[in-house]
Structures are given as C-alpha cells and as structure tokens.
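This report concerns only the one structure given below.
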Amino acid sequence: MNSPAPASARISIIGAGPGGLTCARVLRRHGIAATVYDRDPDAGSRDQGGSLDLHEEDGQLALREAGLLEEFFALARCESQEERRIDTAGRLLGHRLPAEGETARPEIDRGQLRDLLLRSLDAGTVRWGHALESVSGPAGGPRVLTFADGSTVETDLVVGADGAFSRVRAAVSGAVPRYTGVGFLEAWFDEVDSAHPEAAELVGRGSAHVADGERGLFAQRGSGGHMRVYLMRRVSLDWMAAAGLRPEDTEGIRARLLADYAGWSPRILRLITDNDGAYVDRPLFALPVPHTWRPTPGVTLLGDAAHLMPPLGVGVNLAMLDAAELALALALAGSATVDDAVRAYEKTMLPRSAEIAGMLEGGAGFLLEEPDAEELARLASS
C-alpha cells in the first residue's frame, strides 16, 4: 500500500496533551480530520499540573496557527512573568518585574490550556479511555493500533504525542528515558494569599527560585489563589522506599525534608512544610542526546515522546511548535503523500530538538545551582 495523500489519510494522534490537541486543531482548521486517543477515562479525571509560560517564538506561534491566540491572552497571566531569586536565608538576590504590556512569556495553568484546546475541537475528536499498547502493521501500511481493552484501529499515520513514556516511540526508536539523578517533590498551596500570606509575599505574583548547590526549591503561582512548590534534590530513584516511606506518609516525608533542608531560613521552610495535602513524587527523566531515528513510514513523534528534556521551560512550547509544524506540513506544504509531509517535518524538528537537548543536557542539575553573576544581571536588567 502506498502512503495516501494527507487530505484522505486516516490520522491517529496518541495523547490529548497540548501537543496532540494542537496538532488536531491546526489540521482541523485546514480541513483535515484526525482522531485523538487518550488513556484517561475523561477530560477531568487527572490533575493536569501547574502553570507554564508560553513563548512568543514557539508556544504562542502554535496558538496563532490554531486560531486561539486571542482566547489564550484572555486567560493568560502576564503579571506572572515576575521572577525572584532568593537565597537560603530568605534574602532577595535578584528580581525581574515584567514591563507594562509585556507578552513575551505569559503564564497559563496547564488545565486551562488543555480546556481551551479541547473546546476548539469537534465533539468526538478525542476518544477517551483508549490506552495504547502497541503499534504494528507493515511499513507499507496500514498501521494497526492495539489498545489495552483489546480493540484495534487501522490508520495511515500514527502521531506519538504520548509523553515521556510513549508507547508509540518503540515503533521508530529503541531509546528509553533515563533518570537524571534529580527528583522533584510537588507541594500544593490553596488560597495562598489568605491562608499562606507569608508564602505569598515571599514568592510574589510569579515564581521564586532558591538553591544552594545540592538542594533547590521552585515556587510558582497559579490562577485561583493556588501555588505549587517543587522541592528539588539529588536522590536515588527509590529514595522513598529506601527511607521506609510511602507516598501517603505526608508527615514522614515532611520530617525527611526538614532534615534535608536543615539550615534554611524558617521563611523558606514554610514553603516546604506548610503545604495543603500530600507531596507528589516526580523524578526527572530525559531521553539520550541526540535522540533521532530513521524515517519510518506511517509513524512520527512530537513533544516529550520525541525529545524529553529537563523541565527548563521548553517542553510544552516545543511540543506545540512540533504539532503546528507537523500539521502545516500535512496541510499546506504541497506534499504528495503523508510520508512526504512527515519527512519534511522531521527534517526540521529533529535537528532543532537535538540542538536544544544538547544545550540542556545535564540541566536537571542546573536547577540546584546557586545563581551566578550572569543570571542575577539578567534579572536586574529586565
């Protein structure tokens, strides 16, 4: 079977995150249908995470192609571009306030972004409760998707937008994510201005970062009075079990953190111990650098499935840029076949992601480093 023309192809996107939904939306704007399959039972079954900043040069560009930029700015928080660098004694080292009308990197809650994209799609575009098990079928097509419930779907193009532990990736590459040696613990704060006023004052309207070379903390305001704090440490992947702790043992984890962050200011420690509810363990993984693959008929990847990197502000932005570029290659580039369009997309995406991943390799450790003069100068001059 030859690769079909994009307009008549059956396109299956695995993963209803920002990347997968952006791809489906841009395709739909150009008259090309796609079906999105996601393992979650419904749109509201799982917390979507904290806040993210969308950059003019990638995330916002993708939303422009999706026809959603105006709606994005109605939800975005430009004031949350504020950044603070604080030392372990609670002293302010560097401070960046956004200029009036600045829109370079406004923040939006991940859940709000996902809902915005979901609302833009036709009913039935996303098929919930479809956990992909494997991709099979001959190189000449069609590809066959097998789901956990035993059902199968034939398709002409599989787009792996299914994140760090992608099931689609195995169809193009043997690469697997590796633990970076740095783990996050996520802590939530609700009604932060009234219930946690000292924490709110310390962090400001945007984000605050503290690190001493071995330990770090990143606090980030969200919408609706919420704040998330990410506690960053060099730990083994099984540190919790090795310490005789379980995820639900909040008090035990809190005691361990107080020992790990001993010597830090009581003001900072409140960001570690005064959270509302449990801690969430989030070890950081990354793909080998560079991660590339030979052109594979009927299959491609985008976002973390293609180039999982440390969380330094590029992940969702690159996923959305990938998604928009793939959709445009299928819709506008005059490609004779789906495979032609995919090759054109990968010719741009793979070198770009390899370059950025190379720059960020080992970047998980950077999150724990004390600020240098260059970073403090950047904050002071912004």
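Identifiers in the structure tokens: chain A, B, ... in order shown; residue index from 1 per chain; ligand index from 1 in order shown.
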
Surrounding residues of A:Arg143 excluding itself and chain neighbours under 3 positions, 6 Å, only C-alpha atoms, as a short mmCIF file (atom, residue, chain, number, x, y, z; two decimals) with C-alpha atoms, in the first residue's frame:
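Writing done, so here's around_23.cif:
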```
data_model
loop_
_atom_site.label_atom_id
_atom_site.label_comp_id
_atom_site.auth_asym_id
_atom_site.auth_seq_id
_atom_site.Cartn_x
_atom_site.Cartn_y
_atom_site.Cartn_z
CA SER A 136 2.14 -2.78 14.48
CA GLY A 137 1.44 -3.39 10.82
CA GLU A 154 -6.17 0.75 11.34
CA THR A 155 -4.59 4.08 10.44
#
```

Near stretch 291-305 of chain A, 8 Å: stretch 106-218 of chain A residue rows, closest pairs, only C-alpha atoms, as a Markdown table:
```
| residue | atom | partner | partner_atom | distance |
| --- | --- | --- | --- | --- |
| A:Ala139 | CA | A:Pro297 | CA | 5.6 |
| A:Gly140 | CA | A:Pro297 | CA | 7.0 |
| A:Gly141 | CA | A:Gly298 | CA | 6.8 |
| A:Pro142 | CA | A:Gly298 | CA | 7.6 |
| A:Arg143 | CA | A:Gly298 | CA | 6.7 |
| A:Asp156 | CA | A:Gly298 | CA | 5.8 |
| A:Leu157 | CA | A:Gly298 | CA | 4.4 |
| A:Val158 | CA | A:Val299 | CA | 4.8 |
| A:Val159 | CA | A:Thr300 | CA | 5.2 |
| A:Gly160 | CA | A:Leu301 | CA | 4.4 |
| A:Ala161 | CA | A:Leu302 | CA | 5.4 |
| A:Asp162 | CA | A:Ala305 | CA | 6.0 |
| A:Gly163 | CA | A:Ala305 | CA | 4.6 |
| A:Ala164 | CA | A:Asp304 | CA | 5.2 |
| A:Phe165 | CA | A:Ala305 | CA | 7.0 |
| A:Ser166 | CA | A:Ala305 | CA | 5.4 |
| A:Val168 | CA | A:Leu301 | CA | 7.6 |
| A:Arg169 | CA | A:Ala305 | CA | 6.4 |
| A:Ala171 | CA | A:Val299 | CA | 7.3 |
| A:Val172 | CA | A:Thr296 | CA | 6.2 |
| A:Ser173 | CA | A:Trp293 | CA | 6.0 |
| A:Ala175 | CA | A:His291 | CA | 7.5 |
```

I need the chosen residues saved as a short mmCIF file (atom, residue, chain, number, x, y, z; two decimals), in the first residue's frame, with C-alpha atoms.
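Okay, again.cif is ready:
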```cif
data_model
loop_
_atom_site.label_atom_id
_atom_site.label_comp_id
_atom_site.auth_asym_id
_atom_site.auth_seq_id
_atom_site.Cartn_x
_atom_site.Cartn_y
_atom_site.Cartn_z
CA ALA A 139 5.84 -0.49 6.70
CA GLY A 140 3.66 -0.16 3.62
CA GLY A 141 0.63 0.36 5.86
CA PRO A 142 -1.86 0.45 7.23
CA ARG A 143 -0.54 0.71 10.77
CA ASP A 156 -2.37 5.68 7.81
CA LEU A 157 -0.39 7.89 10.23
CA VAL A 158 0.32 7.46 13.94
CA VAL A 159 1.45 10.63 15.73
CA GLY A 160 3.06 9.85 19.07
CA ALA A 161 2.17 12.75 21.34
CA ASP A 162 2.04 10.47 24.35
CA GLY A 163 4.75 11.97 26.50
CA ALA A 164 7.81 10.78 28.36
CA PHE A 165 6.99 7.08 28.37
CA SER A 166 5.50 7.00 24.90
CA VAL A 168 4.49 4.97 20.01
CA ARG A 169 8.24 5.65 20.36
CA ALA A 171 7.86 1.92 16.56
CA VAL A 172 10.69 4.27 15.48
CA SER A 173 13.38 4.02 18.17
CA ALA A 175 15.54 4.78 23.13
#
```

Picked from stretch 213-349 of chain A by DSSP as strand (DSSP E), as a PyMOL selection string
chain A and resi 215-221+227-234+280-286+299-301

Looking at A:Gly365, A:Gly204, A:Pro98, A:Gly263, which one is nearest to A:Gly222, with distances taken over only C-alpha atoms?
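Of A:Gly365, A:Gly204, A:Pro98, A:Gly263, the one nearest A:Gly222 is A:Gly204, counting only C-alpha atoms.
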
Spatial neighbours of A:Ala327, max dist 12 Å, only C-alpha atoms, sep filter under 5 positions, as a PDB file with N, CA, C and O atoms, in the first residue's frame:
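part-v7.pdb was written with the following content:
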```pdb
ATOM      1  N   PRO A   6      -2.461  13.482   2.236  1.00  0.00           N
ATOM      2  CA  PRO A   6      -2.911  13.890   3.579  1.00  0.00           C
ATOM      3  C   PRO A   6      -4.409  14.108   3.687  1.00  0.00           C
ATOM      4  O   PRO A   6      -5.017  13.750   4.713  1.00  0.00           O
ATOM      5  N   ALA A   7      -5.029  14.670   2.663  1.00  0.00           N
ATOM      6  CA  ALA A   7      -6.447  15.008   2.756  1.00  0.00           C
ATOM      7  C   ALA A   7      -7.332  13.783   2.908  1.00  0.00           C
ATOM      8  O   ALA A   7      -8.448  13.875   3.442  1.00  0.00           O
ATOM      9  N   ILE A  11      -5.659   9.731  10.188  1.00  0.00           N
ATOM     10  CA  ILE A  11      -4.595  10.221  11.062  1.00  0.00           C
ATOM     11  C   ILE A  11      -5.002   9.992  12.509  1.00  0.00           C
ATOM     12  O   ILE A  11      -6.071  10.428  12.938  1.00  0.00           O
ATOM     13  N   ILE A  13      -3.760  10.456  16.451  1.00  0.00           N
ATOM     14  CA  ILE A  13      -2.859  11.133  17.373  1.00  0.00           C
ATOM     15  C   ILE A  13      -3.006  10.478  18.735  1.00  0.00           C
ATOM     16  O   ILE A  13      -4.115  10.375  19.264  1.00  0.00           O
ATOM     17  N   GLY A  19       0.382  19.137  22.959  1.00  0.00           N
ATOM     18  CA  GLY A  19       0.924  18.843  21.642  1.00  0.00           C
ATOM     19  C   GLY A  19      -0.076  18.130  20.754  1.00  0.00           C
ATOM     20  O   GLY A  19      -0.344  18.546  19.620  1.00  0.00           O
ATOM     21  N   GLY A  20      -0.647  17.050  21.252  1.00  0.00           N
ATOM     22  CA  GLY A  20      -1.604  16.296  20.449  1.00  0.00           C
ATOM     23  C   GLY A  20      -2.825  17.102  20.070  1.00  0.00           C
ATOM     24  O   GLY A  20      -3.303  17.039  18.926  1.00  0.00           O
ATOM     25  N   LEU A  21      -3.348  17.872  21.017  1.00  0.00           N
ATOM     26  CA  LEU A  21      -4.544  18.668  20.738  1.00  0.00           C
ATOM     27  C   LEU A  21      -4.242  19.813  19.779  1.00  0.00           C
ATOM     28  O   LEU A  21      -5.067  20.156  18.928  1.00  0.00           O
ATOM     29  N   THR A  22      -3.061  20.424  19.889  1.00  0.00           N
ATOM     30  CA  THR A  22      -2.682  21.477  18.948  1.00  0.00           C
ATOM     31  C   THR A  22      -2.594  20.920  17.538  1.00  0.00           C
ATOM     32  O   THR A  22      -3.072  21.540  16.576  1.00  0.00           O
ATOM     33  N   CYS A  23      -2.002  19.748  17.386  1.00  0.00           N
ATOM     34  CA  CYS A  23      -1.900  19.132  16.070  1.00  0.00           C
ATOM     35  C   CYS A  23      -3.295  18.899  15.475  1.00  0.00           C
ATOM     36  O   CYS A  23      -3.548  19.238  14.312  1.00  0.00           O
ATOM     37  N   ALA A  24      -4.199  18.343  16.276  1.00  0.00           N
ATOM     38  CA  ALA A  24      -5.556  18.084  15.785  1.00  0.00           C
ATOM     39  C   ALA A  24      -6.269  19.377  15.418  1.00  0.00           C
ATOM     40  O   ALA A  24      -6.981  19.447  14.397  1.00  0.00           O
ATOM     41  N   ARG A  25      -6.087  20.419  16.209  1.00  0.00           N
ATOM     42  CA  ARG A  25      -6.756  21.696  15.956  1.00  0.00           C
ATOM     43  C   ARG A  25      -6.246  22.343  14.674  1.00  0.00           C
ATOM     44  O   ARG A  25      -7.036  22.814  13.850  1.00  0.00           O
ATOM     45  N   VAL A  26      -4.922  22.383  14.475  1.00  0.00           N
ATOM     46  CA  VAL A  26      -4.389  23.013  13.267  1.00  0.00           C
ATOM     47  C   VAL A  26      -4.793  22.208  12.028  1.00  0.00           C
ATOM     48  O   VAL A  26      -5.157  22.785  10.986  1.00  0.00           O
ATOM     49  N   LEU A  27      -4.768  20.902  12.110  1.00  0.00           N
ATOM     50  CA  LEU A  27      -5.247  20.085  10.995  1.00  0.00           C
ATOM     51  C   LEU A  27      -6.704  20.404  10.686  1.00  0.00           C
ATOM     52  O   LEU A  27      -7.085  20.568   9.513  1.00  0.00           O
ATOM     53  N   ARG A  28      -7.531  20.486  11.706  1.00  0.00           N
ATOM     54  CA  ARG A  28      -8.971  20.755  11.502  1.00  0.00           C
ATOM     55  C   ARG A  28      -9.191  22.100  10.843  1.00  0.00           C
ATOM     56  O   ARG A  28     -10.085  22.250   9.983  1.00  0.00           O
ATOM     57  N   ARG A  29      -8.385  23.090  11.215  1.00  0.00           N
ATOM     58  CA  ARG A  29      -8.523  24.421  10.593  1.00  0.00           C
ATOM     59  C   ARG A  29      -8.255  24.370   9.096  1.00  0.00           C
ATOM     60  O   ARG A  29      -8.719  25.234   8.346  1.00  0.00           O
ATOM     61  N   HIS A  30      -7.498  23.367   8.657  1.00  0.00           N
ATOM     62  CA  HIS A  30      -7.165  23.226   7.241  1.00  0.00           C
ATOM     63  C   HIS A  30      -7.935  22.083   6.583  1.00  0.00           C
ATOM     64  O   HIS A  30      -7.551  21.606   5.513  1.00  0.00           O
ATOM     65  N   GLY A  31      -9.032  21.687   7.217  1.00  0.00           N
ATOM     66  CA  GLY A  31      -9.924  20.724   6.590  1.00  0.00           C
ATOM     67  C   GLY A  31      -9.484  19.282   6.655  1.00  0.00           C
ATOM     68  O   GLY A  31     -10.009  18.439   5.907  1.00  0.00           O
ATOM     69  N   ILE A  32      -8.530  18.947   7.518  1.00  0.00           N
ATOM     70  CA  ILE A  32      -8.054  17.577   7.641  1.00  0.00           C
ATOM     71  C   ILE A  32      -8.488  17.022   8.992  1.00  0.00           C
ATOM     72  O   ILE A  32      -8.224  17.626  10.039  1.00  0.00           O
ATOM     73  N   ALA A  33      -9.157  15.888   8.948  1.00  0.00           N
ATOM     74  CA  ALA A  33      -9.648  15.281  10.182  1.00  0.00           C
ATOM     75  C   ALA A  33      -8.577  14.412  10.817  1.00  0.00           C
ATOM     76  O   ALA A  33      -7.745  13.812  10.143  1.00  0.00           O
ATOM     77  N   ALA A  34      -8.595  14.361  12.135  1.00  0.00           N
ATOM     78  CA  ALA A  34      -7.719  13.469  12.896  1.00  0.00           C
ATOM     79  C   ALA A  34      -8.491  13.002  14.118  1.00  0.00           C
ATOM     80  O   ALA A  34      -9.393  13.688  14.609  1.00  0.00           O
ATOM     81  N   ALA A  62       2.328  28.610  17.775  1.00  0.00           N
ATOM     82  CA  ALA A  62       1.452  27.474  17.535  1.00  0.00           C
ATOM     83  C   ALA A  62      -0.005  27.848  17.773  1.00  0.00           C
ATOM     84  O   ALA A  62      -0.900  27.459  17.002  1.00  0.00           O
ATOM     85  N   GLU A  65      -1.386  29.705  14.853  1.00  0.00           N
ATOM     86  CA  GLU A  65      -1.769  28.804  13.771  1.00  0.00           C
ATOM     87  C   GLU A  65      -3.066  28.062  14.094  1.00  0.00           C
ATOM     88  O   GLU A  65      -3.818  27.688  13.194  1.00  0.00           O
ATOM     89  N   ALA A  66      -3.322  27.871  15.384  1.00  0.00           N
ATOM     90  CA  ALA A  66      -4.549  27.205  15.811  1.00  0.00           C
ATOM     91  C   ALA A  66      -5.734  28.154  15.868  1.00  0.00           C
ATOM     92  O   ALA A  66      -6.871  27.717  16.117  1.00  0.00           O
ATOM     93  N   LEU A 157      -1.448   7.161   9.543  1.00  0.00           N
ATOM     94  CA  LEU A 157      -0.388   7.889  10.228  1.00  0.00           C
ATOM     95  C   LEU A 157      -0.638   7.856  11.722  1.00  0.00           C
ATOM     96  O   LEU A 157      -1.728   8.215  12.184  1.00  0.00           O
ATOM     97  N   VAL A 159       0.677   9.523  15.157  1.00  0.00           N
ATOM     98  CA  VAL A 159       1.451  10.626  15.725  1.00  0.00           C
ATOM     99  C   VAL A 159       1.595  10.368  17.219  1.00  0.00           C
ATOM    100  O   VAL A 159       0.613  10.413  17.966  1.00  0.00           O
ATOM    101  N   THR A 300       5.297   8.993  13.388  1.00  0.00           N
ATOM    102  CA  THR A 300       6.206  10.062  13.803  1.00  0.00           C
ATOM    103  C   THR A 300       5.913  10.433  15.247  1.00  0.00           C
ATOM    104  O   THR A 300       4.937   9.950  15.849  1.00  0.00           O
ATOM    105  N   LEU A 302       6.156  13.706  18.435  1.00  0.00           N
ATOM    106  CA  LEU A 302       6.313  15.123  18.762  1.00  0.00           C
ATOM    107  C   LEU A 302       6.409  15.280  20.272  1.00  0.00           C
ATOM    108  O   LEU A 302       6.064  14.387  21.038  1.00  0.00           O
ATOM    109  N   MET A 320       4.144  22.059  21.243  1.00  0.00           N
ATOM    110  CA  MET A 320       3.137  22.775  20.460  1.00  0.00           C
ATOM    111  C   MET A 320       3.696  23.253  19.128  1.00  0.00           C
ATOM    112  O   MET A 320       3.004  23.233  18.106  1.00  0.00           O
ATOM    113  N   LEU A 321       4.976  23.671  19.130  1.00  0.00           N
ATOM    114  CA  LEU A 321       5.598  24.061  17.865  1.00  0.00           C
ATOM    115  C   LEU A 321       5.717  22.850  16.939  1.00  0.00           C
ATOM    116  O   LEU A 321       5.412  22.932  15.748  1.00  0.00           O
ATOM    117  N   ASP A 322       6.190  21.716  17.482  1.00  0.00           N
ATOM    118  CA  ASP A 322       6.230  20.489  16.694  1.00  0.00           C
ATOM    119  C   ASP A 322       4.861  20.206  16.081  1.00  0.00           C
ATOM    120  O   ASP A 322       4.739  19.883  14.890  1.00  0.00           O
ATOM    121  N   LEU A 332      -0.337  22.143   4.137  1.00  0.00           N
ATOM    122  CA  LEU A 332      -0.021  23.281   3.267  1.00  0.00           C
ATOM    123  C   LEU A 332       1.212  23.112   2.401  1.00  0.00           C
ATOM    124  O   LEU A 332       1.396  23.877   1.461  1.00  0.00           O
ATOM    125  N   ALA A 333       2.060  22.178   2.703  1.00  0.00           N
ATOM    126  CA  ALA A 333       3.352  22.146   2.026  1.00  0.00           C
ATOM    127  C   ALA A 333       3.301  21.531   0.639  1.00  0.00           C
ATOM    128  O   ALA A 333       4.330  21.401  -0.024  1.00  0.00           O
ATOM    129  N   SER A 335       2.701  18.467  -0.051  1.00  0.00           N
ATOM    130  CA  SER A 335       3.255  17.120  -0.034  1.00  0.00           C
ATOM    131  C   SER A 335       2.326  16.168  -0.780  1.00  0.00           C
ATOM    132  O   SER A 335       1.103  16.183  -0.592  1.00  0.00           O
ATOM    133  N   VAL A 338       1.419  11.445   2.800  1.00  0.00           N
ATOM    134  CA  VAL A 338       1.639  11.615   4.235  1.00  0.00           C
ATOM    135  C   VAL A 338       3.116  11.439   4.574  1.00  0.00           C
ATOM    136  O   VAL A 338       3.694  12.225   5.339  1.00  0.00           O
ATOM    137  N   ALA A 341       5.159  14.471   3.823  1.00  0.00           N
ATOM    138  CA  ALA A 341       4.950  15.536   4.810  1.00  0.00           C
ATOM    139  C   ALA A 341       5.699  15.238   6.105  1.00  0.00           C
ATOM    140  O   ALA A 341       6.308  16.132   6.701  1.00  0.00           O
ATOM    141  N   VAL A 342       5.663  13.990   6.535  1.00  0.00           N
ATOM    142  CA  VAL A 342       6.356  13.617   7.766  1.00  0.00           C
ATOM    143  C   VAL A 342       7.857  13.804   7.621  1.00  0.00           C
ATOM    144  O   VAL A 342       8.535  14.306   8.532  1.00  0.00           O
ATOM    145  N   ALA A 344       9.367  15.934   5.697  1.00  0.00           N
ATOM    146  CA  ALA A 344       9.635  17.382   5.708  1.00  0.00           C
ATOM    147  C   ALA A 344       9.600  17.917   7.138  1.00  0.00           C
ATOM    148  O   ALA A 344      10.448  18.731   7.536  1.00  0.00           O
ATOM    149  N   TYR A 345       8.627  17.472   7.924  1.00  0.00           N
ATOM    150  CA  TYR A 345       8.519  17.886   9.334  1.00  0.00           C
ATOM    151  C   TYR A 345       9.738  17.438  10.132  1.00  0.00           C
ATOM    152  O   TYR A 345      10.365  18.226  10.849  1.00  0.00           O
ATOM    153  N   GLU A 346      10.118  16.163  10.013  1.00  0.00           N
ATOM    154  CA  GLU A 346      11.230  15.641  10.796  1.00  0.00           C
ATOM    155  C   GLU A 346      12.565  16.259  10.384  1.00  0.00           C
ATOM    156  O   GLU A 346      13.468  16.377  11.219  1.00  0.00           O
TER     157      GLU A 346
END
```

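Those residues that approach A:Pro247 to within 12 Å, counting only C-alpha atoms, are Leu185, Glu186, Asp238, Trp239, Met240, Ala241, Ile253, Arg254, Gly277, Ala278, Tyr279, Val280, Asp281 and Arg282 of chain A; same-chain residues fewer than 6 positions away are not listed.
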
All heavy atoms of the current selection, written as an mmCIF file, in the first residue's frame:
```cif
data_model
loop_
_atom_site.group_PDB
_atom_site.id
_atom_site.type_symbol
_atom_site.label_atom_id
_atom_site.label_comp_id
_atom_site.auth_asym_id
_atom_site.auth_seq_id
_atom_site.Cartn_x
_atom_site.Cartn_y
_atom_site.Cartn_z
ATOM 1 N N LEU A 185 9.737 16.858 44.444
ATOM 2 C CA LEU A 185 8.527 16.610 45.226
ATOM 3 C C LEU A 185 7.633 17.828 45.032
ATOM 4 O O LEU A 185 8.071 18.962 45.253
ATOM 5 C CB LEU A 185 8.841 16.439 46.709
ATOM 6 C CG LEU A 185 9.178 15.049 47.237
ATOM 7 C CD1 LEU A 185 9.446 15.128 48.733
ATOM 8 C CD2 LEU A 185 8.068 14.050 46.958
ATOM 9 N N GLU A 186 6.417 17.600 44.609
ATOM 10 C CA GLU A 186 5.489 18.707 44.361
ATOM 11 C C GLU A 186 4.595 18.902 45.580
ATOM 12 O O GLU A 186 4.050 17.942 46.130
ATOM 13 C CB GLU A 186 4.641 18.391 43.129
ATOM 14 C CG GLU A 186 3.652 19.469 42.753
ATOM 15 C CD GLU A 186 2.877 19.102 41.496
ATOM 16 O OE1 GLU A 186 3.454 18.483 40.585
ATOM 17 O OE2 GLU A 186 1.679 19.447 41.441
ATOM 18 N N ASP A 238 14.741 5.329 44.026
ATOM 19 C CA ASP A 238 13.936 4.635 45.031
ATOM 20 C C ASP A 238 14.105 5.234 46.423
ATOM 21 O O ASP A 238 13.936 4.547 47.431
ATOM 22 C CB ASP A 238 14.300 3.154 45.058
ATOM 23 C CG ASP A 238 15.733 2.913 45.531
ATOM 24 O OD1 ASP A 238 16.520 3.885 45.567
ATOM 25 O OD2 ASP A 238 16.054 1.762 45.867
ATOM 26 N N TRP A 239 14.440 6.529 46.499
ATOM 27 C CA TRP A 239 14.772 7.148 47.779
ATOM 28 C C TRP A 239 13.669 6.978 48.812
ATOM 29 O O TRP A 239 13.943 6.781 50.008
ATOM 30 C CB TRP A 239 15.076 8.636 47.596
ATOM 31 C CG TRP A 239 13.870 9.484 47.317
ATOM 32 C CD1 TRP A 239 13.338 9.780 46.102
ATOM 33 C CD2 TRP A 239 13.023 10.118 48.290
ATOM 34 N NE1 TRP A 239 12.207 10.560 46.240
ATOM 35 C CE2 TRP A 239 11.994 10.784 47.578
ATOM 36 C CE3 TRP A 239 13.024 10.182 49.681
ATOM 37 C CZ2 TRP A 239 10.987 11.510 48.207
ATOM 38 C CZ3 TRP A 239 12.019 10.910 50.318
ATOM 39 C CH2 TRP A 239 11.015 11.565 49.578
ATOM 40 N N MET A 240 12.418 7.047 48.367
ATOM 41 C CA MET A 240 11.318 6.998 49.321
ATOM 42 C C MET A 240 11.235 5.609 49.973
ATOM 43 O O MET A 240 11.164 5.490 51.198
ATOM 44 C CB MET A 240 10.002 7.353 48.626
ATOM 45 C CG MET A 240 8.868 7.665 49.586
ATOM 46 S SD MET A 240 7.331 8.158 48.768
ATOM 47 C CE MET A 240 7.804 9.744 48.073
ATOM 48 N N ALA A 241 11.252 4.570 49.140
ATOM 49 C CA ALA A 241 11.195 3.214 49.679
ATOM 50 C C ALA A 241 12.431 2.922 50.525
ATOM 51 O O ALA A 241 12.340 2.263 51.570
ATOM 52 C CB ALA A 241 11.077 2.200 48.547
ATOM 53 N N ILE A 253 7.449 12.136 55.263
ATOM 54 C CA ILE A 253 8.164 12.837 54.194
ATOM 55 C C ILE A 253 8.539 14.240 54.651
ATOM 56 O O ILE A 253 9.646 14.721 54.394
ATOM 57 C CB ILE A 253 7.312 12.873 52.916
ATOM 58 C CG1 ILE A 253 7.131 11.457 52.363
ATOM 59 C CG2 ILE A 253 7.935 13.788 51.860
ATOM 60 C CD1 ILE A 253 6.153 11.359 51.211
ATOM 61 N N ARG A 254 7.630 14.888 55.356
ATOM 62 C CA ARG A 254 7.899 16.252 55.840
ATOM 63 C C ARG A 254 9.096 16.249 56.793
ATOM 64 O O ARG A 254 9.968 17.135 56.723
ATOM 65 C CB ARG A 254 6.647 16.800 56.514
ATOM 66 C CG ARG A 254 6.723 18.239 56.923
ATOM 67 C CD ARG A 254 5.336 18.747 57.283
ATOM 68 N NE ARG A 254 4.515 18.940 56.093
ATOM 69 C CZ ARG A 254 3.191 18.735 56.043
ATOM 70 N NH1 ARG A 254 2.547 18.298 57.115
ATOM 71 N NH2 ARG A 254 2.530 18.954 54.928
ATOM 72 N N GLY A 277 -2.157 19.183 51.971
ATOM 73 C CA GLY A 277 -2.268 17.859 51.387
ATOM 74 C C GLY A 277 -0.924 17.164 51.245
ATOM 75 O O GLY A 277 0.076 17.566 51.833
ATOM 76 N N ALA A 278 -0.926 16.104 50.441
ATOM 77 C CA ALA A 278 0.233 15.232 50.298
ATOM 78 C C ALA A 278 1.275 15.833 49.365
ATOM 79 O O ALA A 278 1.020 16.789 48.632
ATOM 80 C CB ALA A 278 -0.211 13.872 49.771
ATOM 81 N N TYR A 279 2.465 15.233 49.393
ATOM 82 C CA TYR A 279 3.508 15.533 48.425
ATOM 83 C C TYR A 279 3.369 14.561 47.248
ATOM 84 O O TYR A 279 2.922 13.423 47.411
ATOM 85 C CB TYR A 279 4.901 15.360 49.046
ATOM 86 C CG TYR A 279 5.183 16.267 50.211
ATOM 87 C CD1 TYR A 279 4.948 15.858 51.515
ATOM 88 C CD2 TYR A 279 5.716 17.537 50.008
ATOM 89 C CE1 TYR A 279 5.220 16.685 52.601
ATOM 90 C CE2 TYR A 279 5.998 18.374 51.083
ATOM 91 C CZ TYR A 279 5.740 17.943 52.371
ATOM 92 O OH TYR A 279 6.023 18.770 53.431
ATOM 93 N N VAL A 280 3.786 15.020 46.071
ATOM 94 C CA VAL A 280 3.744 14.165 44.881
ATOM 95 C C VAL A 280 5.171 13.971 44.393
ATOM 96 O O VAL A 280 5.875 14.943 44.096
ATOM 97 C CB VAL A 280 2.880 14.794 43.768
ATOM 98 C CG1 VAL A 280 2.822 13.863 42.563
ATOM 99 C CG2 VAL A 280 1.474 15.095 44.288
ATOM 100 N N ASP A 281 5.603 12.716 44.299
ATOM 101 C CA ASP A 281 6.959 12.392 43.872
ATOM 102 C C ASP A 281 7.042 12.454 42.351
ATOM 103 O O ASP A 281 6.271 11.788 41.650
ATOM 104 C CB ASP A 281 7.328 10.988 44.360
ATOM 105 C CG ASP A 281 8.808 10.690 44.222
ATOM 106 O OD1 ASP A 281 9.621 11.631 44.273
ATOM 107 O OD2 ASP A 281 9.150 9.502 44.073
ATOM 108 N N ARG A 282 7.994 13.267 41.828
ATOM 109 C CA ARG A 282 8.136 13.427 40.388
ATOM 110 C C ARG A 282 9.623 13.344 40.008
ATOM 111 O O ARG A 282 10.281 14.376 39.841
ATOM 112 C CB ARG A 282 7.544 14.763 39.922
ATOM 113 C CG ARG A 282 6.049 14.901 40.200
ATOM 114 C CD ARG A 282 5.430 16.026 39.407
ATOM 115 N NE ARG A 282 4.044 16.240 39.726
ATOM 116 C CZ ARG A 282 3.016 15.520 39.253
ATOM 117 N NH1 ARG A 282 3.271 14.496 38.457
ATOM 118 N NH2 ARG A 282 1.773 15.800 39.588
#
```

Counting only C-alpha atoms, closest pick from A:Ala336, A:Leu269, A:Leu52, A:Leu145 relative to A:Arg105 is A:Leu52
